[in-house]
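> Before anything else, here's the structure in question.
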Amino acid sequence: MTHHARWGGLLLPAAPGLPEDAAGPRMLAADSPERLNGLPARGWAFEAGPQRTAVPYSFAISSDGTLGIVGGDEDRWVPLHGSVDGWVESLAMVYAAVEVADTVTRVTGRAVDDLDLTAMEPVGSVEGIANGWWYRPGSLVALYTGESVLFGRPGYRTAFVYAGNVDLQWL
């Protein structure tokens with residue numbers, strides 16, 4: 001498998017304070033493909049690797065390369081990033097943003113609706129779907145909605161606003 005040859009056994013550090021769906025699996029390791037509900041046309045995926053902690057879902061990679069979570073009562077599929085590369089880039093952005101930001105503010109639940117992302121541009125390199133990043137000079141926002149979508153719980157949405165001396169060239 002191409003995935004396992006490229007990523008198999010890669011251990012990435014967890015990003016402190018992030019929701020579990022943002023942190024991703026503890027180690028990337030391909031499992032055997034299986035059919036899952038809600039996937040794109042071909043309908044199969046394989047587990048991306050073991051979870052970091054006990055969570056009621058698994059990380060999976062679909063037949064089109066999308067990284068997501070699958071679980072809940074109905075084994076529902078929620079795509080997080082367009083690829084493993086996008087998820088790895090997202091984790092790297094967390095570490096870089098913490099280094100350059102003057103302040104980091106955590107926003108959860110309904111307060112996430114108050115964030116105005118209209119003047120911001122999506123950060124394409126993270127290939128965000130349910131979890132994504134937005135940027136404008138001086139501000140970077142990471143928005144995590146995967147668990148919220150999976151469980152139908154708007155209160156599970158979490159965003160981090162990195163403000164201050166933030167410029168994409170330093171990230």
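In the structure tokens, each chain is lettered A, B, ... as it comes, each chain's residues begin at 1, and ligands are numbered from 1 in order of appearance.
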Tell me, which residues of chain A carry DSSP strand (DSSP E), written as a PyMOL selection string?
chain A and resi 34-35+44-49+57-62+67-71+76-81+103-108+121-122+131-136+139-144+158-163
> Set the distance at 9 Å and use only C-alpha atoms: which residues neighbour A:Pro56 once local chain neighbours fewer than 5 positions away are removed? I'd like the list as a list in words.
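Final neighbour list, sorted by chain and number: Val70, Gly71 and Gly72 of chain A.
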> Go ahead and dump the residues you just picked, all heavy atoms, as a PDB file, in the first residue's frame.

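File written: out.pdb
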ATOM      1  N   VAL A  70     -14.655   8.176  11.823  1.00  0.00           N
ATOM      2  CA  VAL A  70     -15.837   7.354  11.633  1.00  0.00           C
ATOM      3  C   VAL A  70     -16.217   6.775  12.989  1.00  0.00           C
ATOM      4  O   VAL A  70     -15.362   6.315  13.734  1.00  0.00           O
ATOM      5  CB  VAL A  70     -15.615   6.249  10.570  1.00  0.00           C
ATOM      6  CG1 VAL A  70     -14.518   5.298  10.972  1.00  0.00           C
ATOM      7  CG2 VAL A  70     -16.899   5.512  10.274  1.00  0.00           C
ATOM      8  N   GLY A  71     -17.495   6.860  13.312  1.00  0.00           N
ATOM      9  CA  GLY A  71     -17.926   6.333  14.608  1.00  0.00           C
ATOM     10  C   GLY A  71     -19.331   6.757  14.945  1.00  0.00           C
ATOM     11  O   GLY A  71     -20.135   7.060  14.067  1.00  0.00           O
ATOM     12  N   GLY A  72     -19.590   6.785  16.223  1.00  0.00           N
ATOM     13  CA  GLY A  72     -20.943   7.079  16.683  1.00  0.00           C
ATOM     14  C   GLY A  72     -21.819   5.853  16.546  1.00  0.00           C
ATOM     15  O   GLY A  72     -21.373   4.780  16.163  1.00  0.00           O
TER      16      GLY A  72
END
> What does the distance between atom CA of A:Ala54 and atom CA of A:Ser125 come to in Å, to one decimal place?
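Those two atoms sit 28.8 Å apart.
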> Which residues come within 8 Å of A:Leu80, counting only C-alpha atoms, excluding same-chain residues fewer than 3 positions away, as number ranges by chain?
A: 66-69, 87, 128-132, 146
> In terms of the shortest atom-to-atom distance over only C-alpha atoms, which of A:Trp77, A:Trp134, A:Phe151, A:Phe46 is closest to A:Ala97?
A:Trp134
> Could you tell me how far atom CA of A:Val149 sits from atom CA of A:Ala45, in Å to one decimal place?
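That distance, rounded to one decimal, is 18.9 Å.
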> Name all residues at most 8 Å from A:Asp167 (count only C-alpha atoms; drop same-chain ones fewer than 5 positions away) and give them as number ranges by chain.
A: 136-139
> I'd like to know which of A:Val55, A:Leu12, A:Leu143, A:Leu39 is closest to A:Arg26, using only C-alpha atoms.
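For A:Arg26, the nearest of the candidates is A:Leu12.
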> Using only C-alpha atoms, pick whichever of A:Met93, A:Val84, A:Ala159, A:Ala48 has the shortest atom-to-atom distance to A:Val112.
A:Ala159
> May I ask which of the residues A:Gly65, A:Gly24, A:Pro33, A:Gly164 is the closest one to A:Tyr144, counting only C-alpha atoms?
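With only C-alpha atoms as the atom set, the closest residue is A:Gly24.
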> Would you mind telling me which residue in A:Val126, A:Leu168, A:Gly152, A:Asp113 lies nearest to A:Leu140 when using only C-alpha atoms?
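Nearest candidate to A:Leu140 out of A:Val126, A:Leu168, A:Gly152, A:Asp113: A:Leu168.
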> With only C-alpha atoms as the counted atoms, please give the residues lying no more than 7 Å from stretch 104-111 of chain A, apart from itself and same-chain residues fewer than 5 positions off, as an MDAnalysis selection string.
chainID A and resid 154:163
> Please, could you write that set of residues out with N, CA and C atoms as a short mmCIF file (atom, residue, chain, number, x, y, z; two decimals), in the first residue's frame?

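Generated output (result_20.cif):
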data_model
loop_
_atom_site.label_atom_id
_atom_site.label_comp_id
_atom_site.auth_asym_id
_atom_site.auth_seq_id
_atom_site.Cartn_x
_atom_site.Cartn_y
_atom_site.Cartn_z
N PRO A 154 -23.50 20.85 18.44
CA PRO A 154 -22.85 22.14 18.13
C PRO A 154 -21.92 22.62 19.25
N GLY A 155 -22.19 22.24 20.47
CA GLY A 155 -21.36 22.65 21.59
C GLY A 155 -19.95 22.09 21.55
N TYR A 156 -19.72 21.08 20.72
CA TYR A 156 -18.40 20.48 20.60
C TYR A 156 -17.47 21.25 19.67
N ARG A 157 -18.00 22.25 18.96
CA ARG A 157 -17.14 23.04 18.06
C ARG A 157 -16.11 23.81 18.87
N THR A 158 -14.89 23.86 18.35
CA THR A 158 -13.81 24.58 19.03
C THR A 158 -13.01 25.35 17.99
N ALA A 159 -12.63 26.57 18.35
CA ALA A 159 -11.76 27.38 17.50
C ALA A 159 -10.66 27.96 18.36
N PHE A 160 -9.51 28.16 17.73
CA PHE A 160 -8.40 28.85 18.37
C PHE A 160 -8.07 30.06 17.51
N VAL A 161 -8.02 31.22 18.13
CA VAL A 161 -7.69 32.46 17.44
C VAL A 161 -6.28 32.86 17.86
N TYR A 162 -5.37 32.87 16.89
CA TYR A 162 -3.98 33.27 17.11
C TYR A 162 -3.85 34.69 16.59
N ALA A 163 -3.48 35.63 17.45
CA ALA A 163 -3.46 37.04 17.06
C ALA A 163 -2.12 37.67 17.40
#
> DSSP on the backbone, alpha helix (DSSP H) only: what residues of stretch 27-108 of chain A does that give? Format it as a VMD selection string.
chain A and resid 84 to 100
